[in-house]
Structure formats: structure tokens, C-alpha cells
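Asker: For reference, the file entry-v5.cif (mmCIF, C-alpha atoms and all ligand atoms) is included below:
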data_my_file
#
loop_
_atom_site.label_atom_id
_atom_site.label_comp_id
_atom_site.auth_asym_id
_atom_site.auth_seq_id
_atom_site.Cartn_x
_atom_site.Cartn_y
_atom_site.Cartn_z
CA MET B 239 0.00 0.00 0.00
CA SER B 240 1.28 3.39 -0.86
CA HIS B 241 0.93 5.97 1.80
CA ILE B 242 1.08 9.64 1.23
CA LEU B 243 3.23 11.16 3.84
CA ARG B 244 4.75 14.54 3.84
CA LYS B 245 7.57 15.75 5.90
CA SER B 246 9.13 18.99 6.70
CA TYR B 247 12.32 20.09 8.26
CA LEU B 248 12.50 22.28 11.25
CA VAL B 249 15.34 22.02 13.66
CA PHE B 250 14.59 25.04 15.78
CA PRO B 251 12.11 23.65 18.30
CA THR B 252 14.73 21.29 19.60
CA LEU B 253 17.32 23.95 19.82
CA THR B 254 14.96 26.33 21.51
CA ILE B 255 14.05 23.90 24.24
CA TRP B 256 17.59 22.91 25.00
CA LEU B 257 18.87 26.41 24.67
CA LEU B 258 16.48 27.34 27.43
CA LEU B 259 17.84 24.56 29.54
CA VAL B 260 21.40 25.58 28.81
CA VAL B 261 20.78 29.11 29.96
CA GLY B 262 19.29 27.96 33.19
CA CYS B 263 22.19 25.71 33.97
CA SER B 264 24.63 28.15 35.48
CA SER B 265 28.18 27.33 36.37
CA SER B 266 27.22 27.35 40.02
CA SER B 267 25.02 24.32 39.58
CA PRO B 268 26.20 21.30 41.49
CA PRO B 269 28.21 18.98 39.28
CA ILE B 270 25.87 16.04 39.30
CA ALA B 271 26.56 13.42 36.69
CA VAL B 272 24.31 10.42 36.86
CA GLU B 273 23.25 10.02 33.26
CA PRO B 274 25.25 9.44 30.11
CA THR B 275 25.68 12.28 27.73
CA ALA B 276 26.00 12.80 24.05
CA THR B 277 29.20 13.82 22.40
CA ASN B 278 27.79 16.05 19.72
CA GLU B 279 27.27 19.58 20.78
CA VAL B 280 26.62 22.71 18.84
CA VAL B 281 27.54 26.34 19.25
CA LEU B 282 24.64 28.35 20.46
CA THR B 283 24.46 32.07 20.15
CA ASN B 284 21.11 33.09 21.38
CA THR B 285 19.50 36.15 19.94
CA ALA B 286 16.02 37.53 20.25
CA THR B 287 13.84 34.52 19.60
CA PRO B 288 14.42 33.90 15.90
CA LEU B 289 12.21 31.30 14.36
CA PRO B 290 12.90 29.52 11.11
CA THR B 291 10.61 29.21 8.20
CA ALA B 292 9.82 25.55 7.78
CA THR B 293 10.41 23.99 4.43
CA HIS B 294 8.39 21.04 3.31
CA THR B 295 9.20 18.45 0.73
CA PRO B 296 7.31 15.39 -0.41
CA PHE B 297 8.83 12.13 0.64
CA SER B 298 8.06 10.27 -2.54
CA THR B 299 7.54 11.16 -6.13
CA ASP B 300 4.05 9.75 -6.35
CA THR B 301 2.59 12.31 -4.03
CA PRO B 302 0.84 15.43 -5.17
CA THR B 303 2.65 18.72 -5.12
CA PRO B 304 3.09 19.31 -1.43
CA LYS B 305 1.39 22.06 0.40
CA ILE B 306 2.69 23.47 3.60
CA THR B 307 0.31 21.84 5.97
CA SER B 308 2.29 22.35 9.12
CA THR B 309 1.29 25.39 11.06
CA LYS B 310 3.17 24.37 14.12
CA ALA B 311 3.04 27.05 16.75
CA PRO B 312 6.40 28.59 17.50
CA ALA B 313 7.89 28.62 20.91
CA THR B 314 6.56 31.36 23.14
CA ASN B 315 9.10 31.42 25.91
CA THR B 316 12.76 31.63 25.15
CA PRO B 317 15.80 32.64 27.13
CA THR B 318 17.18 36.13 26.95
CA ALA B 319 20.78 35.49 27.83
CA SER B 320 23.49 34.38 25.47
CA THR B 321 25.43 31.24 25.96
CA THR B 322 27.97 29.18 24.14
CA ALA B 323 28.49 25.48 24.31
CA THR B 324 31.58 23.67 23.18
CA SER B 325 31.09 22.37 19.69
CA SER B 326 32.16 19.14 18.11
CA ALA B 327 29.22 18.82 15.79
CA THR B 328 29.60 18.78 12.06
CA THR B 329 26.56 20.93 11.48
CA THR B 330 25.23 24.00 13.11
CA PRO B 331 21.73 25.32 13.56
CA SER B 332 20.17 27.15 10.71
CA ALA B 333 20.86 30.84 10.72
CA THR B 334 18.12 31.58 8.22
CA ALA B 335 15.41 31.95 10.76
CA THR B 336 12.82 34.61 10.41
CA PRO B 337 11.29 36.28 13.41
CA SER B 338 7.84 35.33 14.47
CA ALA B 339 5.35 37.86 15.61
CA THR B 340 4.11 35.49 18.24
CA ALA B 341 7.41 34.92 19.94
CA THR B 342 7.76 36.61 23.28
CA PRO B 343 10.67 36.92 25.65
CA SER B 344 10.92 34.85 28.74
CA ALA B 345 9.98 37.76 30.95
CA THR B 346 6.37 36.98 30.21
CA THR B 347 6.55 33.34 31.16
CA THR B 348 5.14 31.85 34.28
CA PRO B 349 7.30 31.54 37.37
CA SER B 350 7.58 27.79 36.87
CA ASP B 351 9.31 28.46 33.58
CA THR B 352 11.84 30.84 34.99
CA PRO B 353 15.28 29.49 34.16
CA THR B 354 16.76 30.78 37.41
CA LEU B 355 15.03 27.94 39.19
CA LEU B 356 17.10 25.44 37.34
CA PRO B 357 20.11 25.09 39.60
CA THR B 358 17.86 23.99 42.44
CA LEU B 359 15.87 21.72 40.20
CA VAL B 360 18.97 20.22 38.72
CA SER B 361 20.13 19.43 42.20
CA THR B 362 16.77 17.98 43.11
CA VAL B 363 16.21 15.71 40.17
CA GLY B 364 19.81 14.73 39.59
CA ILE B 365 20.08 15.48 35.91
CA SER B 366 23.60 16.15 34.89
CA GLN B 367 24.87 19.58 34.02
CA THR B 368 26.58 18.17 30.99
CA PHE B 369 23.31 16.78 29.76
CA LEU B 370 21.67 20.13 29.99
CA SER B 371 24.46 21.85 28.11
CA THR B 372 24.26 19.38 25.28
CA VAL B 373 22.12 20.03 22.28
CA PRO B 374 22.30 16.93 20.15
CA ASP B 375 22.38 17.68 16.48
CA PRO B 376 19.42 16.07 14.76
CA THR B 377 20.60 13.78 12.03
CA PHE B 378 17.10 13.39 10.72
CA ASP B 379 14.23 15.54 9.58
CA PRO B 380 11.44 16.01 12.11
CA VAL B 381 8.09 15.33 10.50
CA PHE B 382 5.12 17.56 11.18
CA SER B 383 2.48 16.09 8.93
CA LEU B 384 1.46 12.57 8.02
CA THR B 385 -1.29 11.51 5.72
CA LEU B 386 -2.43 7.97 6.33
CA PRO B 387 -5.03 5.93 4.46
CA ASP B 388 -8.63 6.53 5.39
CA SER B 389 -9.20 2.83 5.02
CA TRP B 390 -6.42 0.46 5.82
CA PRO B 391 -7.56 -3.10 5.37
CA CYS B 392 -5.04 -5.40 3.78
CA ASP B 393 -4.09 -9.03 3.65
CA CYS B 394 -1.03 -8.39 5.75
CA PRO B 395 -0.57 -10.06 9.11
CA ILE B 396 1.24 -8.02 11.70
CA GLU B 397 4.86 -9.11 11.88
CA HIS B 398 6.26 -6.26 13.93
CA VAL B 399 5.29 -4.32 17.00
CA VAL B 400 6.90 -0.96 17.78
CA ILE B 401 6.18 0.33 21.28
CA ILE B 402 7.08 3.96 21.85
CA THR B 403 6.90 5.49 25.31
CA ILE B 404 6.83 9.24 25.79
CA ASP B 405 8.30 9.38 29.27
CA GLY B 406 6.24 11.51 31.64
CA LEU B 407 3.39 12.38 29.30
CA ARG B 408 0.24 13.29 31.16
CA ALA B 409 -2.86 12.53 29.14
CA ASP B 410 -4.27 16.00 29.63
CA ALA B 411 -1.16 17.58 28.15
CA LEU B 412 -2.23 16.48 24.68
CA PRO B 413 -5.07 19.00 24.26
CA GLU B 414 -2.72 21.76 25.38
CA ALA B 415 -0.05 21.10 22.76
CA ASP B 416 0.14 21.11 18.99
CA THR B 417 0.69 17.44 18.17
CA PRO B 418 -0.29 16.86 14.54
CA ILE B 419 1.39 13.47 14.37
CA LEU B 420 -0.35 12.05 17.42
CA ASP B 421 -3.58 13.61 16.19
CA THR B 422 -3.17 11.72 12.93
CA VAL B 423 -2.34 8.50 14.74
CA ARG B 424 -5.46 8.95 16.83
CA ALA B 425 -7.65 9.60 13.80
CA HIS B 426 -6.34 6.56 11.94
CA GLY B 427 -6.07 4.18 14.84
CA ALA B 428 -7.30 3.59 18.36
CA PHE B 429 -6.88 5.92 21.28
CA HIS B 430 -7.51 5.67 24.99
CA PRO B 431 -7.50 9.08 26.68
CA THR B 432 -7.41 7.75 30.22
CA ALA B 433 -5.26 4.66 30.36
CA ARG B 434 -3.72 4.01 33.75
CA ALA B 435 -0.16 3.77 34.96
CA VAL B 436 0.64 1.53 37.87
CA VAL B 437 1.66 2.81 41.28
CA PRO B 438 4.23 3.95 42.20
CA SER B 439 3.93 6.10 39.12
CA VAL B 440 7.61 6.08 38.26
CA THR B 441 9.55 5.20 35.15
CA LEU B 442 11.09 1.83 35.87
CA VAL B 443 8.09 0.31 37.64
CA ASN B 444 5.76 1.28 34.82
CA HIS B 445 8.06 0.26 32.01
CA ALA B 446 8.34 -3.10 33.72
CA SER B 447 4.56 -3.35 33.57
CA ILE B 448 4.34 -2.09 29.98
CA LEU B 449 6.95 -4.55 28.74
CA GLY B 450 6.40 -7.26 31.33
CA GLY B 451 2.61 -7.52 31.23
CA MET B 452 2.39 -7.67 35.01
CA THR B 453 1.54 -5.62 38.05
CA PRO B 454 4.47 -4.42 40.14
CA GLU B 455 3.66 -7.02 42.77
CA ASN B 456 4.20 -9.76 40.21
CA HIS B 457 7.03 -8.40 38.08
CA GLY B 458 8.88 -7.55 41.26
CA ILE B 459 10.37 -4.20 40.31
CA MET B 460 9.38 -1.73 42.99
CA TRP B 461 12.36 0.57 42.67
CA ASN B 462 13.27 3.38 40.28
CA ILE B 463 17.05 3.38 40.28
CA ASN B 464 19.75 1.60 38.34
CA ASP B 465 21.34 -0.89 40.69
CA PRO B 466 22.40 -4.24 39.27
CA ALA B 467 22.40 -5.68 42.79
CA LEU B 468 18.62 -5.39 42.83
CA GLY B 469 18.30 -7.94 40.08
CA LEU B 470 16.08 -8.26 37.06
CA ILE B 471 12.38 -8.32 36.38
CA LYS B 472 10.53 -11.56 37.07
CA GLY B 473 9.70 -12.59 33.56
CA PRO B 474 8.61 -13.45 31.12
CA THR B 475 8.73 -10.13 29.34
CA LEU B 476 7.46 -9.30 25.90
CA PHE B 477 11.04 -9.66 24.72
CA SER B 478 11.58 -13.10 26.20
CA ALA B 479 8.13 -14.25 25.08
CA ALA B 480 8.99 -13.17 21.55
CA LYS B 481 12.40 -14.82 21.66
CA ALA B 482 10.76 -18.08 22.75
CA TYR B 483 9.10 -18.09 19.33
CA SER B 484 12.25 -17.14 17.46
CA LEU B 485 11.21 -13.55 16.93
CA THR B 486 13.77 -10.76 16.96
CA THR B 487 13.81 -7.99 19.54
CA GLY B 488 15.30 -4.55 20.01
CA MET B 489 15.29 -1.82 22.61
CA ILE B 490 16.48 1.79 22.29
CA TYR B 491 16.39 3.65 25.56
CA ALA B 492 17.62 6.70 27.43
CA LYS B 493 17.67 5.57 31.05
CA PRO B 494 20.04 2.77 32.02
CA LYS B 495 17.75 1.66 34.83
CA LEU B 496 15.48 0.20 32.17
CA GLU B 497 18.08 -2.56 31.83
CA HIS B 498 16.43 -4.13 34.86
CA ILE B 499 13.73 -5.18 32.37
CA VAL B 500 16.18 -6.95 30.09
CA LEU B 501 16.33 -10.65 30.90
CA THR B 502 19.37 -12.56 29.74
CA ASP B 503 19.42 -13.08 25.97
CA SER B 504 15.99 -11.50 25.59
CA VAL B 505 16.95 -8.45 23.54
CA ASP B 506 18.94 -8.92 20.35
CA SER B 507 19.72 -5.25 19.82
CA LEU B 508 20.10 -3.29 23.04
CA VAL B 509 20.99 0.34 22.40
CA HIS B 510 21.50 2.88 25.11
CA ALA B 511 21.38 5.75 22.66
CA GLY B 512 21.73 8.66 25.08
CA TYR B 513 19.56 10.92 27.13
CA HIS B 514 17.79 12.91 24.46
CA ASP B 515 14.92 12.32 22.06
CA THR B 516 17.05 13.23 19.07
CA LEU B 517 19.60 10.56 19.91
CA ILE B 518 16.89 7.99 20.52
CA THR B 519 15.13 8.85 17.28
CA ALA B 520 18.31 8.81 15.24
CA SER B 521 19.10 5.39 16.65
CA ALA B 522 15.58 4.19 15.88
CA LEU B 523 15.87 5.34 12.28
CA ASN B 524 19.16 3.51 11.97
CA GLN B 525 17.57 0.38 13.38
CA ILE B 526 14.64 0.61 10.97
CA GLU B 527 16.99 1.07 8.05
CA ALA B 528 19.15 -1.84 9.15
CA GLY B 529 16.14 -4.08 9.68
CA LEU B 530 13.16 -3.77 11.98
CA PRO B 531 13.04 -6.42 14.71
CA ASN B 532 9.72 -8.13 15.35
CA VAL B 533 9.55 -6.28 18.66
CA LEU B 534 11.13 -2.84 19.00
CA PHE B 535 10.79 -0.67 22.10
CA ILE B 536 11.69 3.02 21.81
CA HIS B 537 11.94 5.22 24.90
CA LEU B 538 11.73 9.02 24.45
CA PRO B 539 12.80 10.93 27.59
CA ASN B 540 12.49 14.64 26.84
CA VAL B 541 8.95 15.29 28.06
CA ASP B 542 9.82 13.86 31.45
CA SER B 543 13.06 15.84 31.61
CA ALA B 544 11.21 19.05 30.83
CA GLY B 545 8.62 18.25 33.48
CA HIS B 546 11.21 17.75 36.17
CA LEU B 547 13.05 20.88 35.21
CA MET B 548 10.26 23.33 34.45
CA GLY B 549 7.15 21.68 35.80
CA TRP B 550 4.48 19.41 34.44
CA MET B 551 2.22 21.26 31.99
CA SER B 552 4.71 24.14 31.81
CA LYS B 553 5.17 25.80 28.47
CA THR B 554 8.55 24.21 28.22
CA GLN B 555 7.15 20.75 28.71
CA LEU B 556 4.48 21.36 26.10
CA TRP B 557 7.22 22.46 23.69
CA ALA B 558 9.05 19.28 24.46
CA LEU B 559 5.92 17.31 23.67
CA GLU B 560 5.47 19.13 20.37
CA THR B 561 9.02 18.34 19.41
CA THR B 562 8.68 14.74 20.49
CA ASP B 563 5.58 14.56 18.32
CA SER B 564 7.63 15.49 15.28
CA TYR B 565 10.22 12.85 16.10
CA ILE B 566 7.53 10.21 16.31
CA GLY B 567 6.49 11.44 12.88
CA ALA B 568 10.00 10.72 11.65
CA ILE B 569 9.83 7.22 13.07
CA ILE B 570 6.46 6.45 11.46
CA LEU B 571 7.64 7.92 8.17
CA ALA B 572 10.71 5.68 8.28
CA LEU B 573 8.53 2.65 8.92
CA ASP B 574 6.56 3.53 5.83
CA GLN B 575 9.57 4.32 3.67
CA HIS B 576 11.14 0.98 4.48
CA GLY B 577 7.97 -0.94 3.81
CA TYR B 578 7.10 -1.91 7.37
CA LEU B 579 4.05 0.15 8.12
CA ASP B 580 1.62 -2.30 6.51
CA ARG B 581 2.97 -5.06 8.74
CA THR B 582 3.46 -3.21 12.00
CA LEU B 583 1.40 -2.43 15.07
CA VAL B 584 2.62 0.84 16.57
CA ILE B 585 1.68 1.45 20.20
CA ILE B 586 2.45 4.84 21.70
CA THR B 587 1.91 5.43 25.39
CA SER B 588 3.50 6.88 28.49
CA ASP B 589 4.80 5.55 31.77
CA HIS B 590 3.32 8.20 34.09
CA GLY B 591 2.33 11.83 34.31
CA GLY B 592 3.44 14.32 36.89
CA VAL B 593 2.47 17.31 38.95
CA ASP B 594 4.60 20.32 39.78
CA HIS B 595 8.09 18.89 39.26
CA LYS B 596 7.59 15.30 40.35
CA HIS B 597 5.61 12.11 40.12
CA GLY B 598 5.24 8.82 41.89
CA ALA B 599 1.93 9.04 43.73
CA ASP B 600 -1.55 7.79 42.92
CA THR B 601 -3.13 11.03 41.72
CA PRO B 602 -4.90 11.39 38.36
CA GLU B 603 -2.25 13.85 37.21
CA GLU B 604 0.44 11.24 37.80
CA THR B 605 -1.34 8.06 36.70
CA ILE B 606 -3.62 8.90 33.78
CA ILE B 607 -1.74 8.35 30.55
CA PRO B 608 -2.67 8.22 26.86
CA TRP B 609 -2.51 5.04 24.80
CA PHE B 610 -2.47 4.94 20.99
CA ALA B 611 -2.48 2.02 18.57
CA LEU B 612 -1.89 2.32 14.83
CA GLY B 613 -1.63 -0.32 12.17
CA PRO B 614 -3.31 -2.18 9.34
CA ASN B 615 -6.59 -3.89 10.00
CA LEU B 616 -7.20 -1.86 13.12
CA LYS B 617 -10.33 0.07 13.69
CA GLN B 618 -9.82 3.67 12.76
CA GLY B 619 -10.81 6.59 14.90
CA LEU B 620 -11.74 4.30 17.77
CA GLU B 621 -11.82 5.86 21.21
CA LEU B 622 -11.44 3.25 23.89
CA ASN B 623 -13.19 3.63 27.21
CA GLU B 624 -12.87 0.29 28.93
CA PRO B 625 -10.20 0.26 31.63
CA LEU B 626 -6.74 -0.08 30.12
CA PHE B 627 -3.64 -0.48 32.26
CA ALA B 628 0.06 -0.25 31.54
CA TYR B 629 0.34 -4.03 31.81
CA ASP B 630 -2.16 -4.53 28.96
CA THR B 631 0.35 -3.31 26.38
CA ALA B 632 2.55 -6.42 26.28
CA PRO B 633 -0.43 -8.81 25.89
CA THR B 634 -1.78 -6.62 23.08
CA ALA B 635 1.58 -6.82 21.35
CA ALA B 636 1.79 -10.58 21.81
CA HIS B 637 -1.72 -11.03 20.47
CA ALA B 638 -0.90 -8.96 17.40
CA LEU B 639 2.22 -11.02 16.75
CA GLY B 640 0.31 -14.27 17.16
CA ILE B 641 2.40 -15.60 20.03
CA PRO B 642 0.87 -17.05 23.20
CA ILE B 643 0.29 -14.71 26.09
CA PRO B 644 2.32 -16.05 29.02
CA PRO B 645 0.13 -17.25 31.88
CA GLU B 646 2.19 -15.21 34.34
CA TRP B 647 0.97 -11.97 32.84
CA ASP B 648 -1.78 -9.98 34.52
CA GLY B 649 -2.72 -7.89 31.52
CA GLN B 650 -5.25 -8.60 28.81
CA PRO B 651 -4.92 -7.79 25.12
CA VAL B 652 -6.93 -4.81 24.01
CA LEU B 653 -8.97 -6.81 21.51
CA ASP B 654 -11.31 -3.95 20.71
CA ILE B 655 -8.71 -2.34 18.46
CA PHE B 656 -8.62 -5.29 16.03
CA PHE B 657 -11.21 -5.99 13.38
CA HIS B 658 -10.54 -9.67 13.84
CA ASP B 659 -9.95 -11.12 17.27
ZN ZN B 701 9.18 8.17 33.45
#
Go ahead and express the file in the form of C-alpha cells.
Answerer:
Amino acid sequence: MSHILRKSYLVFPTLTIWLLLVVGCSSSSPPIAVEPTATNEVVLTNTATPLPTATHTPFSTDTPTPKITSTKAPATNTPTASTTATSSATTTPSATATPSATATPSATTTPSDTPTLLPTLVSTVGISQTFLSTVPDPTFDPVFSLTLPDSWPCDCPIEHVVIITIDGLRADALPEADTPILDTVRAHGAFHPTARAVVPSVTLVNHASILGGMTPENHGIMWNINDPALGLIKGPTLFSAAKAYSLTTGMIYAKPKLEHIVLTDSVDSLVHAGYHDTLITASALNQIEAGLPNVLFIHLPNVDSAGHLMGWMSKTQLWALETTDSYIGAIILALDQHGYLDRTLVIITSDHGGVDHKHGADTPEETIIPWFALGPNLKQGLELNEPLFAYDTAPTAAHALGIPIPPEWDGQPVLDIFFHD
């Protein structure tokens, strides 16, 4: 099936978000280094909120003459100070930006977005100063517009499942942000607006449920740190269940603590790509080009990072979400370009929400998460309303792949999304 997908290139949203973080990370910040960092950095010379003009090109020659369909809202809070980061990158940000009438200086932002809070927050959440001063250079084109078939039936069994988690995405952030890619996924697939994370609503515990199909009590991971002495998840996981049927598996992730979910010999391609959505996405595109495993998990961390730094539902976090949306567009486009989209179930969800600058408790803000499913032979435009928990994702993936659901799992496949059970 030929899909009509259009892409555009706009690097600035990423740079804007991380430039803001760079400015807030003063030299007096405590030198905390608990996460790996990227090696590619770019020179940043901040001026008065320039914004680029997006250019759009068709991705294939059989598409109509492209129109500029992306009207992505520009950033509305940007730093006012100048800063320079050491550069080893081979490319630099575009200098051809044109000012936007809607851009405003940071003086008008809410207190929670004030960069001067960052040193304290950096100390609190333990994100490294080096990480904040790094602006990974996108090696791919963000995608702001996808056009998918209105009807997508085909004689094409699902051979691949791609699970993407947007770390820290609160369900009610979606209506507040411009997310054309997720909007398209929702319109052409199934969507649950109030899926539930498990408690404690933290990253590792919930990813263990998402990929392990079990409640925390049964998968055994009740911690949220990286400590090999604590052991591994009590399987089976989606990875090990897939391997038991000779399927291939891959995992691209930002937080090393997620390795607690990786049982021995369960993941063929294990890539700790770095702590930034651009690094994760670039790695995912490389993986897709090299060959898509039957099960691929992709972990995007930026929304969570922005929440910890600037607050959940802050303008900065909503920017991060909008940028993450465009990276997911790049991933879906790559699946299509390499011929996988007709054979792939894509599930996009989150591990938890947040409130103020934290998460972990059993409040709606911290536990209600979105859940999307996209693929051939799925009902389109379906809004789910039956209870759906984090641990239902792995059984849904197993069902789609046609492998048995392990009896140890607590979750149930979300059968409503499929035309044929
Ligand atoms: Zn998380």
C-alpha cells in the first residue's frame, strides 16, 4: 500500500528547548553526573527569539505537489541570555530563521518556567549539568504532517510491533499542545485518553509493567534506580516471550535503569542511545533502516526531563511534547519508507504523568496516561473507554504477533482495536 506522507524540516524547536535549559544551567550548579551524555554539541548564540521558516518536501515522487500543511506554533518562551556550548558537531543550527510575531521573551513566562530555578531543580532531580548543556544535532528531519489511508484493510498479518513510550506524558497535556502526528495517529487508529499507569507512578516500575505484562507485585520491580544488585524483572517479558518463538527484539532507551527489564538473551539489539529524544530517534531510524526487529521498544525521555526541570504542563514541557511529536512522525515515516508500516502495530503510550516537578503518587495527574495504537486492519478513529492499564500493552503486542500470552501476565490484550480477534 502506498501511503502519502509529507515531511518537513525544522530544527529550531529542539534547539529552543535545549537552549532554554542551557541558559538555566549556570556554572554554580552542582556537578551532578548520573546520566550518560552525548558527544555532539553545537555552538549556540542566542539572539532575540528567531524562528525559522519551515520547508516542506514530499517524501516520494508519487505524491501530489506538497502544500505546507504544518502550522506548528512557534515557541513562546525563550531565554534572553546568550550562551555558548563547546562544539564538536559537524553541522550548526540554521541561521536563516525569520522572526515570528508570536514569539515573546521569557519575561512573560510563568514563574515555573523561569530558568533561574534550574540550579535547584537540577540538584533535586539529579540530571547532569553536561546533559543540559548538550544540544544533540538532529541527524534526521522532524516530520510535522502525516497523511495515512482513510481505510487500511489489507491481507497483511502483523509481523512487527513498535512500542514507543513518551516518558512523563500526562494525558491531559495532549489537548494543550500542537501534536499533529499524534492527532493523525489517533484519527487513523485507536486511542484511549485515560489509560492508567501503575503505582508507584515512576519510570522503571511502569516500564516493567508495559513490557512485562504484570503488576508491580508480580514483576517484582518496585524501585526506580539503576542498581544491578537489585536484580532483574521476574519474567517473562514481551522480549523473552517473543524470543521463545524465534522472533527478533530490540530496545532503544535513554535511562540505564530500564536494563532491569532486560532478561538474559531476551533483547537482540540493546541500544542505550543517550539521554535525548534526538539521539533515541536517530538510533531508531538507523535500526529501521538496518532491519526492523519483530519487537522494538523506543523510549523518548524529553517530556519527562522538561517536566522535572520546568514543571508538568509548563510551556517548556508542552514544547518538548510538540518536538517529540515530530520525532515520532519521523519514526512512522521511516517505517513507511522501508515498507514496514503495513505489517506493524505501533503502540504509543507513556509511563506516568506528573504534577509540579515530580511524580510517583496515585493522583490522576500522575497516573492517567494516553494510549495509541496504529496499524493495518485496526479500527480507525476508535476511542477506547474500557479500563486499560500499563500491563495490557505487552499482551496486546503478543496477540498482534500471534504468540501465546504467558500465563504469568496480569494484563489482557486490548482486543477492541482489532477488526478480527
Ligand atoms: Zn518516566
Asker: Kindly compile the residues surrounding ligand ZN 701 (chain B) within 7 Å, counting all atoms listed in the file, and format them as a PyMOL selection string.
Answerer: chain B and resi 405-406+440-441+542+589-590
Asker: Using all atoms listed in the file, which of B:Val584, B:Leu626, B:Leu612, B:Val593 sits nearest B:Gln555?
Answerer: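 Closest to B:Gln555 of all the choices is B:Val593.
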Asker: In Å, with one decimal, what is the gap from atom CA of B:Pro539 to atom CA of B:Leu583?
Answerer: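 Here the two named atoms are 21.6 Å from each other.
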Asker: Would you please work out which residue, of B:Glu497, B:Glu603, B:Glu646, B:Asp388, is nearest to B:Val423 when using all atoms listed in the file?
Answerer: B:Asp388
Asker: Rounded to one decimal place, report the atom CA of B:Val500-atom CA of B:Ser478 distance in Å.
Answerer: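 Distance reported for this atom pair: 8.6 Å.
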Asker: What is the distance, in Å and to one decimal place, between atom CA of B:Cys392 and atom CA of B:Asp563?
Answerer: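 Between atom CA of B:Cys392 and atom CA of B:Asp563 the gap is 26.9 Å.
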Asker: Determine the nearest neighbour of B:Glu397 from the options B:Thr417, B:Thr631, B:Asn532, B:Ser521, counting only C-alpha atoms.
Answerer: B:Asn532
Asker: List the spatial neighbours of B:Ser389 as a list in words - criterion: any atom at most 9 Å away, all atoms listed in the file, same-chain residues fewer than 5 positions off excluded.
Answerer: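 Listed by chain and then number, they are His426, Pro614, Asn615 and Gln618 of chain B.
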Asker: Leaving out B:Ala409 and any residue of its chain fewer than 3 positions from it, which residues lie within 7 Å of it when counting only C-alpha atoms, given as a tab-separated table (two decimals) with C-alpha atoms, in the frame of the given file?
Answerer:
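What ended up in result.tsv:
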chain	number	residue	atom	x	y	z
B	412	LEU	CA	-2.23	16.48	24.68
B	431	PRO	CA	-7.50	9.08	26.68
B	432	THR	CA	-7.41	7.75	30.22
B	606	ILE	CA	-3.62	8.90	33.78
B	607	ILE	CA	-1.74	8.35	30.55
B	608	PRO	CA	-2.67	8.22	26.86
